[in-house]
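In what follows, a single structure is set out as structure tokens and then discussed.
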Amino acid sequence: MAVVMAGGEGTRLRPMTANQPKPLLPVANRPIMEHVLRLLQRHGFDETVVTVQFLANLVRTYFGDGEDLGMHLMYATEESPLGTAGSVRNAGPALDDDAFLVMSGDALTDIDLGELVRAHRQAGALVTVCLTRVPDPLEFGIVIQTEDGRIERFLEKPTWGQVFSDTVNTGIYVMEPEVFDYVEAGVPVDWSGDVFPALLAKGAPLFGHVADGYWEDVGSLGSYVRASADVLHRRVDVEMAGFEIAPGIWVGEGVDIDPDAQLSGPLCLANYVKVEGDAQLRPLTVLGDNVIVKRGAVLERAIVHANAFIGPQAGLRGCVIGKDTDIMRAARVGEGAVVGDACVVEEEAYLADGVKVYPFKTIEAGAVVHTSVIWESRGSASLFGPRGVSGLVNVEITPEFVVRLASAYATTLRKGSIVYTSRDGSRAARALKRAAIAALNASAIDVQDLQVAPLPLTRFHAREGNAAGGIVLRTTPGDPHSVDIIFLDAQGGDLSPAAQRGLERVVSRQEFRRAFPGEIAELSFPSRTVETYTKELLRTVDVCGVAEAGLKIVLDTAGGAVSLVLPTLLGRLGIDVLTVNNRLSETAAGGTVADHMRDLERLGELVSSSRAAFGVRFDQVGERLVLVDEQGHLIQDDRALLVVLDLVAAERRGGRIALPVTTTRVAERVTGFHGTEVLWVSTASDDLTRSAAQDGVVFAGDGRGGFVIPEFSPALDAIAAFVRLLGLVARTRLTLSQIDARIPHAHLVRRSVPTPWSVKGAVMRTVLEAAGDRRIETTDGVRIVEADGRWALVLPDPAEAVTHIWAEGNGAGAAADLLTQWAEVVEHTQP
């Protein structure tokens, strides 16, 4: 007995799935699910239960009782989505008391199901998960097994920092009926998210079987086109529809091909296709039933669904055309474009690469369309990087793009929500912020605009102002030609990876919400925002002893937004301050690294000559700072973290301090000496923020000039860090250089190894295997701890094709040797 899950909507495949369920999407002129059912039938699974939910009647109508396939099909209907496990539980009454196989109705595969069942029985498993290896495991559940095949760790849709293997879950399972004891009836339950973790926790026999053969999860346009090409290239063992009339050319019944037409395989033509003279069908083209291709049309890597009309001199390249759609004379459809069902693309119209046209739309004659036709919008495969959404001003980040991006963000929020906006002093950020505000208001989102403001101040008001989030625009540090767009959540922190993926899905689906005229929202400019921020800062952060200490401080605001806050703040602190660059500058944000180092040198001279206690240079948006000690010497960011950590731990004498896993383990010696402990977190900014908000966390830092003062805010805040440091220094009798000198020297080295995206998963699996019996940690990447205390961390970069390696030892040589050792492991894994 088998269960085929066919209830998915296929939102990432829209507009192809806008009005048909994903299992009915044709691959080489047969629905994906038909390929699945034929595979089941070949392996003796004649009785199958199909779980349906979205457009269920279409699935039932197409397959009926399964007689045409030599099978007996039954259907289990979900009234509302029940999840992968809940849908199978819903089919339980149709299953007998023996083991059963579960697989998805929208994945193309030729895996040997009989071998999978035999492995299940030999292992005596409750559940056996069919596994395969893929180059990019981010969209799947990754798995670690013991030598006997038992699964010991399972992680669904990891980030690159969480990738510890390229072995992934295919969604094909063999299960015993007792597994339903772990699935509550009538509520949404997932196998990978709910059931499997429960089985692991109880030590139940959950096994994995790494299968040979082809497997492709058809969940995106790219995977759909790839699956079609793989069928035509015969990389997957499926039954082709029709007859092979020439090498690589399959045709169905009643096909009419003019002798003057040019066909170059591999390609596939379904029943009653008509191809006129001088038409060119180039490799990897697929035509559905009753498609007509007129004279002079050129189709290359085009997938055309049933009953479509391709007019004379039309050009289709690397695109998908829905059923019942007409592409008229001399129209052009570009690479990666998708035209939905029942559309008309009139004469000489042009659809640019990547454009999506939803069903029942008409593109007028001669139109040049660069954006998708549903709402005005644009899709993008990967928006977020380490600094939010970044790109060149007016090249990658245009006002039009900002409008679409802000519209997508608004779509993820409730109508009537409040969003705070702010920017740095640059003209580019000012212009682009206006575009974002317009899009938010048009999507029924009220905007509180802080104008030019430090990023921590925006985070504070987003958190305290009953807001749903915020948008901040700033010039990319060190690159005056680029801009970063930072999206905030309701707590003022960066969006989590899950929330980022949700926003990206809205952009890729290009389904933005629009408000009715009466719902257009308001733009307002809140007052006394700096006063509110500074008042709460001084209320929550301990500044006892500051006024009595008689400290002199040198501050450099770098011409950034902190200059707008310092007058109010310093007036209340009552300290002797020498300020530098304490004005808002439109051009300061575009300073080079050389400019930055020159200003730090000048800051050191001022600190030394004025006999100040220390100096601080803020970044443009007040998120990070650089410290200079009383002698005028620059304290490097990694040492600055240890210095401030030492001060905090010495005063607190308890609690936890959150640090990224890339930090030197000298931090543990410092905290341990003062009775505090380290909470190790991933390098993701949202993880540091989330950890800083936990009970008992008294401090956090990222080692790059970013500090978190949890009693005030869980986010990076250089202004709060300065105030906290001021109080600590005022209450201690030690200078910063004395504190730095008493902290042991760290021998931590780093290297980045170029790594193609396609092998990142394999690299991490190889690293895990090479670790052998050594202690490993997978908080972020894979950290390998040697018996003598040396350690190395291997971490794939989430945005670039590189793998980062850190190593720390008792001396510089030991650290360098360990770094070389693991760099060679990474390099030798690659082709």
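Quick note on naming: the chains in the structure tokens go A, B, ... in the order shown, residues restart at 1 in each chain, and ligands are numbered from 1 in order of appearance.
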
List every residue of region 36-110 of chain A that has an atom at most 12 Å from any atom of region 185-201 of chain A, giving for each one its closest atom pair and the distance in Å to one decimal, counting only C-alpha atoms, sorted by chain and then by ascending residue number, as CSV.
```
residue,atom,partner,partner_atom,distance
A:Thr77,CA,A:Gly186,CA,11.8
A:Glu78,CA,A:Gly186,CA,9.1
A:Glu79,CA,A:Gly186,CA,9.6
A:Ser80,CA,A:Pro188,CA,8.8
A:Pro81,CA,A:Pro188,CA,6.7
A:Leu82,CA,A:Pro188,CA,3.9
A:Gly83,CA,A:Pro188,CA,4.9
A:Thr84,CA,A:Asp190,CA,4.8
A:Ala85,CA,A:Asp190,CA,4.7
A:Gly86,CA,A:Val189,CA,4.9
A:Ser87,CA,A:Pro188,CA,8.2
A:Val88,CA,A:Trp191,CA,9.7
A:Arg89,CA,A:Ala185,CA,6.5
A:Asn90,CA,A:Ala185,CA,7.0
A:Ala91,CA,A:Ala185,CA,10.4
A:Gly92,CA,A:Ala185,CA,9.8
A:Pro93,CA,A:Ala185,CA,11.7
A:Val102,CA,A:Trp191,CA,10.9
A:Met103,CA,A:Trp191,CA,11.8
```

Exercise for review: Using DSSP on the backbone coordinates, identify the residues of region 530-686 of chain A assigned to alpha helix (DSSP H); present them as JSON, numbers by chain.
Suggested key: {"A": [530, 531, 532, 533, 534, 535, 536, 537, 538, 539, 540, 546, 547, 548, 549, 566, 567, 568, 569, 570, 571, 572, 573, 593, 594, 595, 596, 597, 598, 599, 600, 601, 602, 603, 604, 605, 606, 607, 608, 609, 610, 637, 638, 639, 640, 641, 642, 643, 644, 645, 646, 647, 648, 649, 650, 651, 652, 666, 667, 668, 669, 670, 671, 672, 673, 685, 686]}

Exercise for review: Please identify all polymer residues within 12 Å of Gly518 (chain A), counting only C-alpha atoms, omitting same-chain residues fewer than 2 positions from it, and present them as a PyMOL selection string.
Suggested key: chain A and resi 416+441-444+514-516+520-522

Practice item. Pick out the closest residue to Val785 (chain A) from this set: A:Pro660, A:Gly809, A:Pro399, A:Gly252. Count only C-alpha atoms. Key: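 Of A:Pro660, A:Gly809, A:Pro399, A:Gly252, the one nearest Val785 (chain A) is A:Gly809, counting only C-alpha atoms.
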
**Study point:** Every residue of region 95-282 of chain A that DSSP places in strand (DSSP E), as an NGL selection string
**Key:** :A and (100-104 or 107-109 or 127-133 or 141-145 or 151-156 or 167-175 or 206-210 or 215-217 or 243-246 or 249-251 or 256-257 or 262-263 or 267-269 or 274-275 or 280-281)

Practice item. Please identify all polymer residues within 12 Å of Asn810 (chain A), counting only C-alpha atoms, omitting same-chain residues fewer than 3 positions from it, and present them as number ranges by chain. Key: A: 664-666, 744-749, 786, 788-791, 807, 813-818

Check your understanding: Which residue out of A:Val339, A:Val670, A:Ile776, A:Val403 has the minimum interatomic distance to Leu645 (chain A) when only C-alpha atoms are used?
Key ->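 The closest residue to Leu645 (chain A) is A:Val670.
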